[in-house]
Amino acid sequence: MTDMERTPDTSVEICGVKFKNPIITASGTFGFGKEYAEFYDINRLGGICTKGITKERREGNPSPRIAETPMGMLNSVGLQNPGIDGFIKEDVPFLNSLDTVVIANVAGKTEEDYCYTVLKASSLDCVKMVELNISCPNVKAGGMAFGVLPESVEKITSAVKKHCRKPLIVKLSPNVANIADNARAAENGGADCLSLINTVGGMAIDWKKRKPILANVCGGLSGPAIKPIALKMVYEACKAVKIPIIGMGGIMSSDDVMEFLVAGASAVQIGSANIFDPVAGLNLINELTNLMKKCNINNVREITGSLVI
Amino acid sequence: MKDVKLKLTRKKTLSEGVLEFEFFSDEKLPQMHCGQFLHLRVGGEFLLRRPFCLYKYGERSVTLIVAVVGGGTKRMSEMKEGEEVMAVLPIGNGFTLEDEHKKILLLGGGVGCAPLVSVPLTYPNKEYVSYIGFSTANAVMFEDEFSKFGSVTVCTDDGSTGRKGYVTDVLREDIEKIKPDVILTCGNTPMLKAAARLSAETKIPAYMSGETRMGCGVGACLVCACAVKEKNGTIVHKRACVDGPVFKLEDVLL
């Protein structure tokens, strides 16, 4: 076989969980998968990270919840979700039918809420990993309140870890003083893996009306606008900890995927790109394979952390 | 729902800041229904798609009405004939008429008239009466379209043509005579609020097509939340994209 004919190995393994490729859809941008299954075979994905799940059902914030900003978007959904019991009843049967890694994203208002939901979610067969959402900027109680100070990151991580029956990913906020400190805090608390970054706090104003565009006033910025911030934070977090890292923030192309892997990520999550284009996930997988062929890369794992300074 | 490639074949100005776009597709398009919409990638610097209701449609064509209100629609207005765009279609529930709905009142305000034009195309064997309102004579559109299916009453806020006053106020004067079985409506929020009052007073059921800022357009991201009252009185957030865009008017918190 010539190099051009060989199919490159895109598989990755994180905390003993095998992914077909490093492309995972990010929480909040992919629902529970069902909607996108109408557009392509979502089993092609490395994994799916669910919408943030809380103990009780949540209605979320008032509308408008979205605003387009230069090369990005602001959202303030506010963790609207059916609650863990609604999730189990309405969405788990579909997730059970999938042949891709399902990661349950869990959020909460109190430490007890987090522990309760993490135990229930991590006990499900279809859930292979849990992602702890301590970085949602759009809810008053909980969410980011746990994710700003390194002490609270460590405390919530170690509390949740005791109730988590699957590998625990802690999703970090970029709205912090020093990302390396928070990465170390999560690792010290017992995190098996980190994912970053969540959205960057932001605001959009309609000056003629003298009003914010989002009903919730402020929201979280995502999309290509935040990619340089995300790359820097992934790079810094990778230097600070030994556990694997899933990188995200504005990934739109296979070159973007490679940049995050080079910075040290073992896999990536695709967020806003799903919102801009319903087939973004599939396109990225195909693009990545083609890019690897073109650049004679046989194994995607050899890219992780290959940055030369 | 399908992501399809559309080619702009015709663009014309209907009134100031309102354009009609006709697109063609090489492949046969999925079956569409009145009141549904598409989610179009306008291109340029804009990443989020823009939702537009289906104005007219065929096996390989779809026509949209676009009001230039912001950057995305301005970019659309600059599109050239022959240009290609991607669009997810058809999306949403659309308008549904039951057998007992024999006489239909179409109530439109401004560009909000657009989604109502295809209702008689989908349900040809009904009686239609249309009331359409605009700010002034120069802004009047769609009169010819509605007159194909029945009587049309044009209203302008300033009385420069047709009957003077808000379309909902004019309709209020006439509704006892018309006695429609159902009202289908689309327009700005003050008009919808007035229509909701009229529907409540006359006990004539009304359905509205709503508009909200949208994200994915396929039901996943939950940004297009619309506050809707359930039968038991609780308020829930429905997705305007796939649970709507048509809701029973009395259920929506406007």
# chains A, B, ... in the order shown; residues from 1 in each chain; ligands from 1

$ select_by_dssp --residues "segment 45-185 of chain B" --states "helix (DSSP H, G or I)" --output "ChimeraX atom specification"
/B:71-77,110-117,119-122,137-139,143-147,167-178

$ interface_residues --of "chain B" --to "chain A" --cutoff "12 Å" --atoms "only C-alpha atoms" --output "PyMOL selection string"
chain B and resi 1-4+39-50+70-72+86-89+91+211-228+234-242+253-254

$ closest_residue --among "A:Thr157, A:Ser254, A:Asn216, A:Thr199" --to "Ala183 of chain A" --atoms "only C-alpha atoms"
A:Thr157

$ residues_around --residues "Glu173 of chain B" --least-positions-apart "6" --cutoff "12 Å" --atoms "only C-alpha atoms" --output "mmCIF file with N, CA and C atoms, in the first residue's frame"
data_model
loop_
_atom_site.group_PDB
_atom_site.id
_atom_site.type_symbol
_atom_site.label_atom_id
_atom_site.label_comp_id
_atom_site.auth_asym_id
_atom_site.auth_seq_id
_atom_site.Cartn_x
_atom_site.Cartn_y
_atom_site.Cartn_z
ATOM 1 N N TYR B 131 -57.132 39.665 6.169
ATOM 2 C CA TYR B 131 -56.960 41.034 6.658
ATOM 3 C C TYR B 131 -55.458 41.251 6.796
ATOM 4 N N ARG B 163 -58.298 50.637 4.465
ATOM 5 C CA ARG B 163 -58.979 51.172 5.649
ATOM 6 C C ARG B 163 -57.947 51.664 6.661
ATOM 7 N N GLY B 165 -56.223 52.419 10.170
ATOM 8 C CA GLY B 165 -56.142 51.881 11.519
ATOM 9 C C GLY B 165 -55.372 50.572 11.566
ATOM 10 N N TYR B 166 -55.120 50.102 12.787
ATOM 11 C CA TYR B 166 -54.444 48.823 12.943
ATOM 12 C C TYR B 166 -55.360 47.711 12.418
ATOM 13 N N VAL B 167 -54.750 46.742 11.766
ATOM 14 C CA VAL B 167 -55.527 45.676 11.134
ATOM 15 C C VAL B 167 -56.400 44.926 12.147
ATOM 16 N N LYS B 179 -67.500 35.686 11.004
ATOM 17 C CA LYS B 179 -67.640 34.422 11.746
ATOM 18 C C LYS B 179 -66.681 33.326 11.248
ATOM 19 N N LEU B 198 -58.576 39.617 20.839
ATOM 20 C CA LEU B 198 -59.727 39.414 19.957
ATOM 21 C C LEU B 198 -60.175 37.950 19.976
ATOM 22 N N THR B 202 -63.837 36.710 21.342
ATOM 23 C CA THR B 202 -64.782 36.116 20.387
ATOM 24 C C THR B 202 -64.840 34.597 20.488
#

$ atom_distance --atom1 "atom CA of Glu287 of chain A" --atom2 "atom CA of Ser253 of chain A"
7.7 Å

$ residues_around --residues "segment 146-161 of chain B" --least-positions-apart "3" --cutoff "7 Å" --atoms "only C-alpha atoms" --output "count of residues only"
18

$ closest_residue --among "B:Glu83, B:Asp243, B:Asp181, B:Glu59" --to "Lys11 of chain B" --atoms "only C-alpha atoms"
B:Glu83

$ residues_around --residues "Asn125 of chain B" --least-positions-apart "5" --cutoff "12 Å" --atoms "only C-alpha atoms" --output "PyMOL selection string"
chain B and resi 97-99+101-104+119-120+149-150

$ write_last_selection --atoms "N, CA, C and O atoms" --output "PDB file, in the first residue's frame"
ATOM      1  N   LEU B  97     -54.731  22.698   9.632  1.00  0.00           N
ATOM      2  CA  LEU B  97     -56.172  22.967   9.642  1.00  0.00           C
ATOM      3  C   LEU B  97     -56.926  21.655   9.760  1.00  0.00           C
ATOM      4  O   LEU B  97     -56.579  20.661   9.118  1.00  0.00           O
ATOM      5  N   GLU B  98     -57.948  21.651  10.608  1.00  0.00           N
ATOM      6  CA  GLU B  98     -58.781  20.457  10.804  1.00  0.00           C
ATOM      7  C   GLU B  98     -60.010  20.542   9.887  1.00  0.00           C
ATOM      8  O   GLU B  98     -60.297  21.597   9.331  1.00  0.00           O
ATOM      9  N   ASP B  99     -60.740  19.429   9.793  1.00  0.00           N
ATOM     10  CA  ASP B  99     -61.938  19.403   8.949  1.00  0.00           C
ATOM     11  C   ASP B  99     -62.966  20.453   9.361  1.00  0.00           C
ATOM     12  O   ASP B  99     -63.641  21.040   8.523  1.00  0.00           O
ATOM     13  N   HIS B 101     -62.477  23.291  10.455  1.00  0.00           N
ATOM     14  CA  HIS B 101     -62.051  24.633  10.050  1.00  0.00           C
ATOM     15  C   HIS B 101     -62.413  24.842   8.580  1.00  0.00           C
ATOM     16  O   HIS B 101     -61.650  24.506   7.690  1.00  0.00           O
ATOM     17  N   LYS B 102     -63.595  25.402   8.368  1.00  0.00           N
ATOM     18  CA  LYS B 102     -64.058  25.586   6.981  1.00  0.00           C
ATOM     19  C   LYS B 102     -63.785  27.003   6.494  1.00  0.00           C
ATOM     20  O   LYS B 102     -63.395  27.214   5.357  1.00  0.00           O
ATOM     21  N   LYS B 103     -64.003  27.974   7.379  1.00  0.00           N
ATOM     22  CA  LYS B 103     -63.769  29.370   7.008  1.00  0.00           C
ATOM     23  C   LYS B 103     -62.553  29.882   7.782  1.00  0.00           C
ATOM     24  O   LYS B 103     -62.567  29.889   9.021  1.00  0.00           O
ATOM     25  N   ILE B 104     -61.541  30.280   7.034  1.00  0.00           N
ATOM     26  CA  ILE B 104     -60.250  30.599   7.655  1.00  0.00           C
ATOM     27  C   ILE B 104     -59.996  32.097   7.529  1.00  0.00           C
ATOM     28  O   ILE B 104     -60.061  32.646   6.423  1.00  0.00           O
ATOM     29  N   VAL B 119     -50.809  29.006   2.940  1.00  0.00           N
ATOM     30  CA  VAL B 119     -51.857  28.209   3.606  1.00  0.00           C
ATOM     31  C   VAL B 119     -52.906  27.727   2.596  1.00  0.00           C
ATOM     32  O   VAL B 119     -53.219  26.532   2.548  1.00  0.00           O
ATOM     33  N   PRO B 120     -53.451  28.632   1.739  1.00  0.00           N
ATOM     34  CA  PRO B 120     -54.440  28.156   0.766  1.00  0.00           C
ATOM     35  C   PRO B 120     -53.853  27.187  -0.272  1.00  0.00           C
ATOM     36  O   PRO B 120     -54.592  26.392  -0.853  1.00  0.00           O
ATOM     37  N   PHE B 149     -57.298  33.930  -3.401  1.00  0.00           N
ATOM     38  CA  PHE B 149     -57.995  32.894  -2.622  1.00  0.00           C
ATOM     39  C   PHE B 149     -59.277  33.394  -1.968  1.00  0.00           C
ATOM     40  O   PHE B 149     -60.006  32.613  -1.378  1.00  0.00           O
ATOM     41  N   GLY B 150     -59.548  34.697  -2.044  1.00  0.00           N
ATOM     42  CA  GLY B 150     -60.755  35.206  -1.398  1.00  0.00           C
ATOM     43  C   GLY B 150     -60.668  36.703  -1.213  1.00  0.00           C
ATOM     44  O   GLY B 150     -59.813  37.363  -1.817  1.00  0.00           O
TER      45      GLY B 150
END

$ residues_around --residues "Met141 of chain B" --least-positions-apart "4" --cutoff "8 Å" --atoms "only C-alpha atoms" --output "PyMOL selection string"
chain B and resi 14-15+110

$ write_last_selection --atoms "C-alpha atoms" --output "compact mmCIF listing (two decimals), in the first residue's frame"
# COMPACT_ATOMS: atom_id res chain seq x y z
CA LEU B 14 -41.23 44.30 -2.94
CA SER B 15 -41.11 47.48 -0.88
CA GLY B 110 -46.27 43.59 7.29

$ select_by_dssp --residues "segment 161-227 of chain A" --states "strand (DSSP E)" --output "VMD selection string"
chain A and resid 168 to 171 193 to 196 200 to 203 205 to 206 211 to 212 218 to 222

$ decode --residues "segment 60-76 of chain B" --atoms "all heavy atoms" --output "short mmCIF file (atom, residue, chain, number, x, y, z; two decimals), in the first residue's frame"
data_model
loop_
_atom_site.label_atom_id
_atom_site.label_comp_id
_atom_site.auth_asym_id
_atom_site.auth_seq_id
_atom_site.Cartn_x
_atom_site.Cartn_y
_atom_site.Cartn_z
N ARG B 60 -38.71 21.66 -6.53
CA ARG B 60 -37.31 22.05 -6.61
C ARG B 60 -37.10 23.54 -6.35
O ARG B 60 -36.05 24.10 -6.68
CB ARG B 60 -36.75 21.72 -8.00
CG ARG B 60 -36.56 20.25 -8.22
CD ARG B 60 -36.23 19.96 -9.66
NE ARG B 60 -36.49 18.56 -9.97
CZ ARG B 60 -35.60 17.59 -9.77
NH1 ARG B 60 -34.41 17.88 -9.31
NH2 ARG B 60 -35.91 16.35 -10.06
N SER B 61 -38.10 24.20 -5.81
CA SER B 61 -37.94 25.64 -5.62
C SER B 61 -38.49 26.07 -4.27
O SER B 61 -39.35 25.40 -3.69
CB SER B 61 -38.67 26.40 -6.73
OG SER B 61 -40.06 26.29 -6.53
N VAL B 62 -37.97 27.17 -3.79
CA VAL B 62 -38.49 27.75 -2.56
C VAL B 62 -38.29 29.27 -2.65
O VAL B 62 -37.27 29.75 -3.13
CB VAL B 62 -37.82 27.11 -1.31
CG1 VAL B 62 -36.31 27.30 -1.33
CG2 VAL B 62 -38.40 27.67 -0.03
N THR B 63 -39.35 29.99 -2.25
CA THR B 63 -39.31 31.44 -2.32
C THR B 63 -39.46 32.01 -0.92
O THR B 63 -40.26 31.51 -0.12
CB THR B 63 -40.45 31.96 -3.23
OG1 THR B 63 -40.40 31.24 -4.45
CG2 THR B 63 -40.33 33.44 -3.51
N LEU B 64 -38.64 33.02 -0.62
CA LEU B 64 -38.62 33.61 0.72
C LEU B 64 -38.87 35.11 0.64
O LEU B 64 -38.57 35.75 -0.37
CB LEU B 64 -37.24 33.41 1.37
CG LEU B 64 -36.62 32.03 1.32
CD1 LEU B 64 -35.20 32.09 1.89
CD2 LEU B 64 -37.46 31.04 2.11
N ILE B 65 -39.41 35.66 1.72
CA ILE B 65 -39.53 37.10 1.86
C ILE B 65 -38.55 37.52 2.96
O ILE B 65 -38.57 36.95 4.06
CB ILE B 65 -40.97 37.49 2.27
CG1 ILE B 65 -41.98 36.97 1.25
CG2 ILE B 65 -41.07 39.00 2.47
CD1 ILE B 65 -41.86 37.56 -0.14
N VAL B 66 -37.69 38.46 2.65
CA VAL B 66 -36.66 38.86 3.60
C VAL B 66 -36.77 40.36 3.88
O VAL B 66 -36.69 41.17 2.95
CB VAL B 66 -35.25 38.53 3.05
CG1 VAL B 66 -34.18 39.01 4.02
CG2 VAL B 66 -35.11 37.03 2.81
N ALA B 67 -36.97 40.69 5.14
CA ALA B 67 -36.93 42.10 5.54
C ALA B 67 -35.52 42.39 6.03
O ALA B 67 -34.98 41.64 6.86
CB ALA B 67 -37.93 42.36 6.66
N VAL B 68 -34.91 43.43 5.50
CA VAL B 68 -33.53 43.76 5.89
C VAL B 68 -33.58 44.49 7.23
O VAL B 68 -33.99 45.65 7.30
CB VAL B 68 -32.83 44.60 4.81
CG1 VAL B 68 -31.41 44.93 5.22
CG2 VAL B 68 -32.84 43.86 3.48
N VAL B 69 -33.23 43.77 8.29
CA VAL B 69 -33.32 44.35 9.64
C VAL B 69 -31.99 44.38 10.37
O VAL B 69 -31.84 45.08 11.37
CB VAL B 69 -34.35 43.58 10.52
CG1 VAL B 69 -35.76 43.79 10.00
CG2 VAL B 69 -34.02 42.10 10.59
N GLY B 70 -31.01 43.62 9.89
CA GLY B 70 -29.72 43.56 10.58
C GLY B 70 -28.64 43.15 9.60
O GLY B 70 -28.86 43.10 8.38
N GLY B 71 -27.48 42.82 10.16
CA GLY B 71 -26.33 42.49 9.33
C GLY B 71 -26.54 41.27 8.44
O GLY B 71 -26.16 41.26 7.27
N GLY B 72 -27.14 40.22 9.01
CA GLY B 72 -27.34 38.97 8.26
C GLY B 72 -28.27 39.16 7.08
O GLY B 72 -28.00 38.68 5.97
N THR B 73 -29.36 39.89 7.30
CA THR B 73 -30.31 40.10 6.21
C THR B 73 -29.76 41.12 5.21
O THR B 73 -30.07 41.06 4.02
CB THR B 73 -31.69 40.54 6.75
OG1 THR B 73 -31.50 41.53 7.77
CG2 THR B 73 -32.45 39.37 7.32
N LYS B 74 -28.90 42.03 5.69
CA LYS B 74 -28.26 42.97 4.75
C LYS B 74 -27.34 42.18 3.81
O LYS B 74 -27.33 42.39 2.61
CB LYS B 74 -27.46 44.02 5.52
CG LYS B 74 -26.79 45.02 4.61
CD LYS B 74 -26.39 46.29 5.34
CE LYS B 74 -25.86 47.34 4.37
NZ LYS B 74 -24.59 46.95 3.73
N ARG B 75 -26.61 41.25 4.39
CA ARG B 75 -25.73 40.39 3.59
C ARG B 75 -26.57 39.61 2.55
O ARG B 75 -26.18 39.48 1.40
CB ARG B 75 -24.96 39.45 4.52
CG ARG B 75 -24.49 38.13 3.95
CD ARG B 75 -23.24 38.24 3.09
NE ARG B 75 -23.05 36.99 2.36
CZ ARG B 75 -22.91 36.87 1.05
NH1 ARG B 75 -22.87 37.92 0.29
NH2 ARG B 75 -22.79 35.69 0.49
N MET B 76 -27.72 39.13 2.97
CA MET B 76 -28.60 38.42 2.03
C MET B 76 -29.04 39.33 0.89
O MET B 76 -29.09 38.92 -0.26
CB MET B 76 -29.84 37.92 2.75
CG MET B 76 -29.68 36.48 3.18
SD MET B 76 -31.25 35.71 3.43
CE MET B 76 -31.71 35.16 1.81
#
